[in-house]
Structures are given as C-alpha cells and as structure tokens.
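What follows is a set of notes on a single structure, which appears directly below.
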Amino acid sequence: MLIVAEKRSVAQAIAKYLATSYSYFKISGVMAYRFKYKDRQAVSLGLSGHILDFDFPQELNKWNALEPVELFDKITVLVPRDETIKYLYALRALARDEDEVYLALDADSEGEAIAYEVVLQVRAVNPRARFKRVRFNAVTKKDIVQAFERPVELDLKVVEKVFARMVSDLTIGAAFTRLLTLAVREVDNKALPFGKFLSYGPCQTPVLGLVVSRELERLNFKPEEYYVVKGIVETEAGSFEARSRPFKAREEAEAAVRAARVSLGKVIEARFEETRVKPPAPLDTVELERRASKWLNIRAKAALDTAEELYRRGYISYPRTETTIYPPTLDLRAVLEELTNTQFGQYAERLLRGPISPTRGNSDDRAHPPIYPTRGATKAEVERALGTRAWKLYEFVVRHFLATLSPPAIVERQRIAVAFGPLVLEAEGRRIIERGYWEIYPYEEEEDRRLPRVQAGVWARMVSAKIEKKKTEPPPRMSESELLRLMKKYGIGTDATMQDHIHTNVIRGYMRIVGGRCVPTKLGMTLASSLMNHARPIIDPTVRSKMEAALQDIAVGRADVKKVLETIRGEFKTFYKGLYEKRQEIARELVKVLREETRNGPRSDV
DNA sequence: GCAAGGTC
C-alpha cells in the first residue's frame with residue numbers, strides 16, 4: 001500500500017505511528033518511509049503541497065495573442081508544477097506497483113484538492129489503483145491510527161470548490177494584470193522596464209487598497225488647533241499633574257484658568273480599581289507575525305520564513321496554524337521540562353512547581369496545535385545555526401509559551417478628577433500590584449505611574465497652570481500589524497498566505513515597509529486610486545470574502561460549480577469593461593509615475 | 001510574464 005501525505009513530516013509521523021519500526025529511502029530525490037502495517041508492506045511519501053496547477057493553454061499565454069477580456073471565456077488546464085516535479089515523479093514511480101493508495105493529505109480543503117491531484121497522477125500510471133481517503137485532525141498516534149482504521153471517501157465537492165477558486169483567481173488575475181500592463185504599453189511602450197508588469201490580484205489588490213485608503217485619509221486630513229490646560233494639583237495626599245479636556249479657542253482656556261484661580265478645588269472623582277491583565281492566548285501564525293512586526297521589528301514575511309527554519313530544525317512546532325487552544329494531547333509539562341536547561345530554566349521550574357493552567361483562545365483549525373517551542377536551546381546555539389533574527393523569534397516563541405502558562409498581571413487603574421470652579425483637570429495612573437506574566441513577557445509590560453491616594457470630596461489646590469497649544473494629528477500610517485488584523489477581519493488570504501500578499505505589493509513596487517509601517521509608493525497610490533475610481537468593487541476589502549462565500553456553496557452542495565464560475569466570471573467581466581473604457585486615462589496617469597520612477601527610483605508619496 | 005493556495 002502507498003500512503004501519500006502533504007508534507008514530509010506527516011509521512012514520517014505516519015510511519016512512526018502505524019508501525020513499530022520503519023526505514024527510509026530516497027526516490028527521485030524525495031524522502032519516503034517503508035514499514036509494515038497489518039502484515040502488509042507500506043510506503044509513505046510526503047509531498048510539498050500541490051503538485052498540479054491551473055494554467056491557460058500555451059497559445060493564450062502570449063499576451064498580445066488576444067484581448068485579455070477573452071480570458072473570461074477560455075478554459076484552463078491542469079499542468080504539473082515545475083517547482084515540485086520531483087515529488088510528482090516520486091509519486092508516479094511508487095504508484096506503478098501499488099494497487100491501494102491512501103490519501104493522507106491534510107484534513108482541509110486544500111488537502112482534499114491535493115488528494116485529487118494525486119488521484120489523477122496515479123491513475124495515469126496505474127489504472128488499477130484504488131483510493132482511500134484518511135482524515136486526521138492532529139498528527140498524533142491516536143488520531144492517525146484511528147484515521148487508518150476508518151478510511152472515508154474523497155469529497156469531490158470540496159475539490160470542485162478549490163479548483164474553482166484556482167481557476168477564478170487565475171482568470172481574474174491574468175485578465176486585469178494584462179489589461180493594466182498592455183494599456184500602459186499602448187501609451188508608452190518604454191514606461192515599464194523589460195519583465196515588469198502591473199499586477200492585479202483578488203488578495204494583493206484589496207490589501208493595497210487598505211494601505212492607500214489610510215494614506216488618503218492622512219493626505220486629506222485637516223489639522224485643527226486646540227488648547228489644553230495642564231496643571232499641578234496639590235492635595236493632602238500628594239501632588240500630581242492633571243490636564244483639562246480640549247478647548248477650541250485659547251480665550252476659552254484662558255477664561256477657565258482665570259475662573260479656576262479664584263475657585264476652591266475639590267476632588268470630584270477618585271477611582272482606584274484593581275484589574276487583572278490576562279496573559280495572551282496560545283500563539284497562531286497571524287499573531288506571531290503581528291507581534292514580530294510590532295515588537296521585534298521583523299517583517300511578517302521574514303517572521304514566517306524564519307519560523308519555518310526554526311520548525312525545520314526542530315526548535316518550534318509547525319508555524320502555520322490557526323489554533324489558539326492547546327490540545328489535550330500536548331504535554332505542557334514536558335515542554336516546560338525541555339526548557340529547564342535554557343536561560344528560561346528558573347522560570348520554567350517555577351511554573352512546574354504549581355498546577356498548569358494555560359490560557360485559551362477561541363479557534364481550532366483541527367489540524368495543527370498553536371506554535372510552541374519543541375526544543376530548549378541557548379542563544380549561542382540558535383544564533384550559530386540560524387542567525388540573530390532566528391534567536392529573537394525563538395526567544396519570543398518561548399516567552400509567549402511561558403506567558404500562556406503564567407498568572408495575570410494585577411494592576412490598579414487610577415483616575416482622579418478635580419474641579420476648580422468650571423475647570424476640571426483629570427489624571428490617570430496605575431499601580432502595578434503583581435507583575436504576573438510580564439516578568440517573562442516584557443513586550444506588554446506597563447510602567448508603574450501611580451497617583452496619590454486621594455478620596456473624592458477632599459480639597460485641592462492648583463499649584464500652577466499653563467495652557468498648551470496642540471494640533472489634531474492625522475491617523476498614523478497603517479502598521480503591518482494592523483494590516484494583518486484587517487486582512488483577517490475581511491478574510492483576505494489565509495493564515496499561511498497573508499504575509500505573502502503584503503510582500504507581493506512590496507515586490508511589485510506598490511508599497512514599502514518602513515519601521516513596521518506600510519508606505520505606499522506613488523505607483524501604488526496611483527494604481528489603487530484608479531481602481532477605486534473606475535472599478536471600485538475589485539479593490540474593495542470585502543471582494544475576497546464574497547467570492548469565498550460563493551465558492552463555499554459548491555463545497556456544501558448548495559450550488560453547482562459551473563454556475564458559480566459563470567457568475568464570478570460574469571461579474572468580473574462587467575468590472576473589466578468599466579475599467580477598459582477608462583484604460584487610456586488610467587494608463588496616462590500610471591505612465592507619468594513610471595517615468596518619474598525611471599528617473600528617480602521608486603518614490604514614496606510623502 | 002498574470003493569482004492564490006499548498007509547501008521548503
């Protein structure tokens with residue numbers, strides 16, 4: 001029997017869990033595992049994701065051979081992927097003599113589609129082959145043994161959905177990319193350097209739209225002046241600085257201060273409330289990326305790449321996960337034990353002495369656990385193996401893991417308001433009672449800035465008061481962390497691809513990331529603005545989730561794949577026509593920016 | 001040469 005998994009680690013786990021011993025061998029450069037299962041010879045092979053891809057027939061890939069709009073009515077074909085061709089060869093070679101093939105791909109939609117790709121490839125070399133689908137929700141012995149006891153059928157509806165998404169994305173992406181690129185060339189065929197094109201994609205472009213919308217908000221922002229009164233307030237319990245609400249005009253502020261000077265001061269509010277600051281939930285991919293971008297100055301793309309390396313070397317668990325609940329099968333104590341021989345050893349030992357109660361998020365992808373350290377390592381070791389950035393990220397994963405097992409921080413939130421006649425001055429402070437998880441998780445630690453413990457009703461004196469002139473500030477540039485949050489909210493991309501969509505915009509020259517913030521280039525601003533003006537729905541942040549919802553109907557049998565594809569194609573064809581009408585106007589704008597770029601290099605707008 | 005989704 002032949003068993004096909006989505007990745008090498010799972011193929012190996014299957015061999016380990018189904019047999020008492022196994023051996024490994026290489027076939028066309030790919031690792032495979034041999035073992036005995038129920039008295040039969042078994043081989044398990046791990047792929048590297050998809051092995052086939054959709055493309056247009058060759059003659060349609062000459063961009064000048066047809067109007068891009070015609071792509072909406074063309075068929076696409078499944079072709080082997082060059083990058084993973086060795087996996088395909090290995091599969092064919094092993095499948096020739098195996099009549100039973102177990103499809104042990106991940107238990108998600110993509111896994112179902114990859115399973116079908118495997119079926120197609122195996123059938124091509126072995127028409128006798130029979131197929132069984134095994135689905136396991138976690139790569140543990142229990143789940144895997146159970147899955148092989150109870151094989152199921154391949155869900156072709158889910159396969160249809162994934163293939164429909166692949167076809168839609170290719171068609172839409174190709175049509176709009178070619179339209180934009182060819183329109184620019186028509187106006188000035190030297191505006192784009194050789195090999196460069198202007199891309200559109202149903203994920204990358206709405207992402208650009210989010211960043212550009214923020215930039216436009218900034219550019220259109222009209223700052224307003226306002227005035228605040230800052231005063232030093234003295235009470236019998238001590239003195240502190242407090243400030244007023246904003247005044248629109250200086251005269252108002254001055255009048256309030258004049259009135260305050262001749263008024264008796266009185267504390268009208270004094271709140272001292274003990275609150276608990278809970279440690280973070282177990283770590284998923286998007287939070288890893290957001291926190292790396294915010295606190296470690298590591299871009300999301302670099303964070304996932306680095307996490308991947310750490311995973312491959314055995315330092316951390318699989319980094320592509322949406323799960324924020326530790327599975328019961330994960331031995332948290334054993335992980336702590338593993339960390340005892342590192343610089344976090346004392347802290348880990350302290351946690352080991354008490355009961356273990358981890359925090360809990362609210363999502364479970366039923367495929368992978370949250371990200372946690374799988375090996376205790378020293379700084380020197382990780383740095384030697386993978387560099388400084390890897391250490392920074394590994395250290396973060398360890399600290400995050402320890403934080404999820406730690407007690408909350410306890411903070412007293414303080415608020416005091418004092419009235420001097422009509423002028424009210426307010427102050428906020430905090431007193432740290434217990435640092436809790438902050439001890440191991442300094443990224444979130446708050447400073448102790450306590451106010452004197454006064455009581456409501458006591459008298460107060462204004463020692464000094466000054467009026468400060470201020471200006472309202474535009475919103476800051478979109479941070480990468482915020483962008484990831486919005487992408488998740490709008491359902492743009494998956495946990496494993498979100499950082500790619502940001503990165504594509506960087507590669508295409510539409511934006512840069514500076515100090516964790518997204519700065520659109522002039523090209524990005526111009527492209528996004530044109531689409532907002534002439535094809536609004538295709539850059540709208542909700543375009544992706546609407547498409548996904550339509551596709552999901554195929555998977556659950558509510559809709560026919562042909563009809564859904566027809567609808568999607570039809571809608572985008574309409575948007576295409578609207579954009580096509582304006583293509584020269586848009587292209588002229590883009591050419592202007594592109595010419596500037598060739599002279600000066602890519603520029604940011606501000 | 002176009003996309004997004006797996007995976008390394």
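We name chains A, B, ... following the order of the structure tokens; residues begin at 1 in each chain, and ligands are numbered from 1 as shown.
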(message) List the spatial neighbours of A:Lys74 as a PyMOL selection string - criterion: any atom at most 9 Å away, only C-alpha atoms (C1' of nucleotides), same-chain residues fewer than 2 positions off excluded.
(response) chain A and resi 56-57+60+70-72+76+171
(message) Give me, as a list of chain:residue names, all polymer residues having an atom no more than 10 Å from A:Val30, counting only C-alpha atoms (C1' of nucleotides) and skipping those fewer than 2 positions away in the same chain.
(response) A:Arg8, A:Phe25, A:Lys26, A:Ile27, A:Ser28, A:Ala32, A:Leu45, A:Gly46, A:Leu47, A:Ser48, A:Lys86, A:Tyr87, A:Leu88, A:Tyr89, A:Ala90, A:Leu91
Can I get the selected residues back with N, CA, C and O atoms, as a short mmCIF file (atom, residue, chain, number, x, y, z; two decimals), in the first residue's frame?
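Okay, part-v9.cif is ready:
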data_model
loop_
_atom_site.label_atom_id
_atom_site.label_comp_id
_atom_site.auth_asym_id
_atom_site.auth_seq_id
_atom_site.Cartn_x
_atom_site.Cartn_y
_atom_site.Cartn_z
N ARG A 8 6.58 16.08 4.27
CA ARG A 8 7.47 15.03 4.72
C ARG A 8 7.24 14.66 6.18
O ARG A 8 7.20 13.49 6.55
N PHE A 25 14.05 5.77 2.60
CA PHE A 25 14.83 5.73 1.37
C PHE A 25 14.49 6.95 0.53
O PHE A 25 13.50 7.64 0.80
N LYS A 26 15.33 7.20 -0.48
CA LYS A 26 15.05 8.34 -1.35
C LYS A 26 14.65 7.85 -2.72
O LYS A 26 15.22 6.89 -3.24
N ILE A 27 13.65 8.50 -3.29
CA ILE A 27 13.25 8.17 -4.64
C ILE A 27 13.06 9.47 -5.40
O ILE A 27 12.35 10.35 -4.94
N SER A 28 13.76 9.59 -6.52
CA SER A 28 13.88 10.84 -7.29
C SER A 28 14.07 12.05 -6.36
O SER A 28 13.44 13.09 -6.52
N ALA A 32 11.09 8.89 1.41
CA ALA A 32 9.90 8.06 1.62
C ALA A 32 10.20 7.08 2.74
O ALA A 32 11.36 6.82 3.06
N LEU A 45 4.82 8.54 1.56
CA LEU A 45 5.54 9.57 0.80
C LEU A 45 4.97 10.93 1.17
O LEU A 45 3.75 11.11 1.22
N GLY A 46 5.85 11.88 1.41
CA GLY A 46 5.39 13.24 1.71
C GLY A 46 5.60 14.15 0.51
O GLY A 46 6.69 14.16 -0.07
N LEU A 47 4.57 14.88 0.13
CA LEU A 47 4.71 15.84 -0.97
C LEU A 47 5.14 17.18 -0.39
O LEU A 47 5.53 17.27 0.77
N SER A 48 5.02 18.20 -1.20
CA SER A 48 5.29 19.55 -0.72
C SER A 48 4.14 20.43 -1.20
O SER A 48 4.28 21.32 -2.02
N LYS A 86 9.75 16.85 -8.82
CA LYS A 86 10.37 15.63 -8.28
C LYS A 86 9.42 14.84 -7.39
O LYS A 86 9.49 13.62 -7.33
N TYR A 87 8.50 15.55 -6.74
CA TYR A 87 7.51 14.86 -5.92
C TYR A 87 6.54 14.08 -6.80
O TYR A 87 6.11 12.98 -6.47
N LEU A 88 6.23 14.71 -7.94
CA LEU A 88 5.33 14.06 -8.89
C LEU A 88 5.98 12.79 -9.46
O LEU A 88 5.34 11.74 -9.58
N TYR A 89 7.26 12.88 -9.80
CA TYR A 89 7.99 11.70 -10.30
C TYR A 89 8.04 10.60 -9.24
O TYR A 89 7.84 9.42 -9.53
N ALA A 90 8.33 11.01 -8.02
CA ALA A 90 8.40 10.02 -6.93
C ALA A 90 7.06 9.32 -6.77
O ALA A 90 6.99 8.10 -6.62
N LEU A 91 6.00 10.10 -6.83
CA LEU A 91 4.66 9.55 -6.68
C LEU A 91 4.36 8.54 -7.79
O LEU A 91 3.90 7.42 -7.54
#
(request) Find the spatial neighbours of stretch 256-267 of chain A, counting only C-alpha atoms (C1' of nucleotides), within a cut-off of 9 Å - ignore same-chain residues fewer than 5 positions away - and output them as a ChimeraX atom specification. (result) /A:229,233,235,251,416-424,454-462,465-467
Take the residues from that selection and put them in a file with C-alpha atoms, as a PDB file, in the first residue's frame.
ATOM      1  CA  VAL A 229      -4.723  73.300  30.404  1.00  0.00           C
ATOM      2  CA  VAL A 233      -2.594  69.796  41.624  1.00  0.00           C
ATOM      3  CA  THR A 235      -3.818  67.556  47.813  1.00  0.00           C
ATOM      4  CA  GLU A 251      -9.753  82.542  25.085  1.00  0.00           C
ATOM      5  CA  ILE A 416      -8.746  61.351  39.563  1.00  0.00           C
ATOM      6  CA  ALA A 417     -10.743  64.384  38.507  1.00  0.00           C
ATOM      7  CA  VAL A 418     -10.516  67.731  40.293  1.00  0.00           C
ATOM      8  CA  ALA A 419     -12.832  70.668  39.752  1.00  0.00           C
ATOM      9  CA  PHE A 420     -11.638  74.248  40.164  1.00  0.00           C
ATOM     10  CA  GLY A 421     -14.886  76.055  39.554  1.00  0.00           C
ATOM     11  CA  PRO A 422     -15.684  75.425  35.899  1.00  0.00           C
ATOM     12  CA  LEU A 423     -12.267  73.925  35.106  1.00  0.00           C
ATOM     13  CA  VAL A 424     -11.942  70.183  35.507  1.00  0.00           C
ATOM     14  CA  VAL A 454      -6.874  60.804  47.477  1.00  0.00           C
ATOM     15  CA  GLN A 455     -10.526  60.453  48.227  1.00  0.00           C
ATOM     16  CA  ALA A 456     -13.429  62.071  46.482  1.00  0.00           C
ATOM     17  CA  GLY A 457     -14.606  65.176  48.256  1.00  0.00           C
ATOM     18  CA  VAL A 458     -11.262  66.388  49.623  1.00  0.00           C
ATOM     19  CA  TRP A 459      -9.960  69.852  48.892  1.00  0.00           C
ATOM     20  CA  ALA A 460      -7.240  70.520  46.332  1.00  0.00           C
ATOM     21  CA  ARG A 461      -5.025  73.433  45.342  1.00  0.00           C
ATOM     22  CA  MET A 462      -3.812  74.338  41.861  1.00  0.00           C
ATOM     23  CA  ALA A 465      -1.405  76.019  35.370  1.00  0.00           C
ATOM     24  CA  LYS A 466      -0.273  76.502  31.815  1.00  0.00           C
ATOM     25  CA  ILE A 467      -2.090  76.461  28.528  1.00  0.00           C
TER      26      ILE A 467
END
Produce a table with one row for each residue of chain B that has an atom at most 6 Å from any atom of chain A, each row naming the nearest atom pair and its distance in Å at one decimal; use only C-alpha atoms (C1' of nucleotides); arrange rows by chain and rising residue number; format as a tab-separated table.
residue	atom	partner	partner_atom	distance
B:DC2	C1'	A:Ala174	CA	3.8
B:DA3	C1'	A:Leu170	CA	4.8
B:DG6	C1'	A:Gly49	CA	4.2
B:DT7	C1'	A:Ser48	CA	4.4
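Picture a line from atom CA of A:Pro282 to atom CA of A:Tyr372; it runs 8.1 Å.
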(request) Select from stretch 260-351 of chain A everything DSSP, run on the backbone, classes as strand (DSSP E or B), then give the selection as a PyMOL selection string. (result) chain A and resi 265-277+283+316
(message) Calculated over only C-alpha atoms, which of the candidates A:Arg250, A:Lys522, A:His503, A:Lys488 has the smallest distance to A:Lys592?
(response) A:Lys522
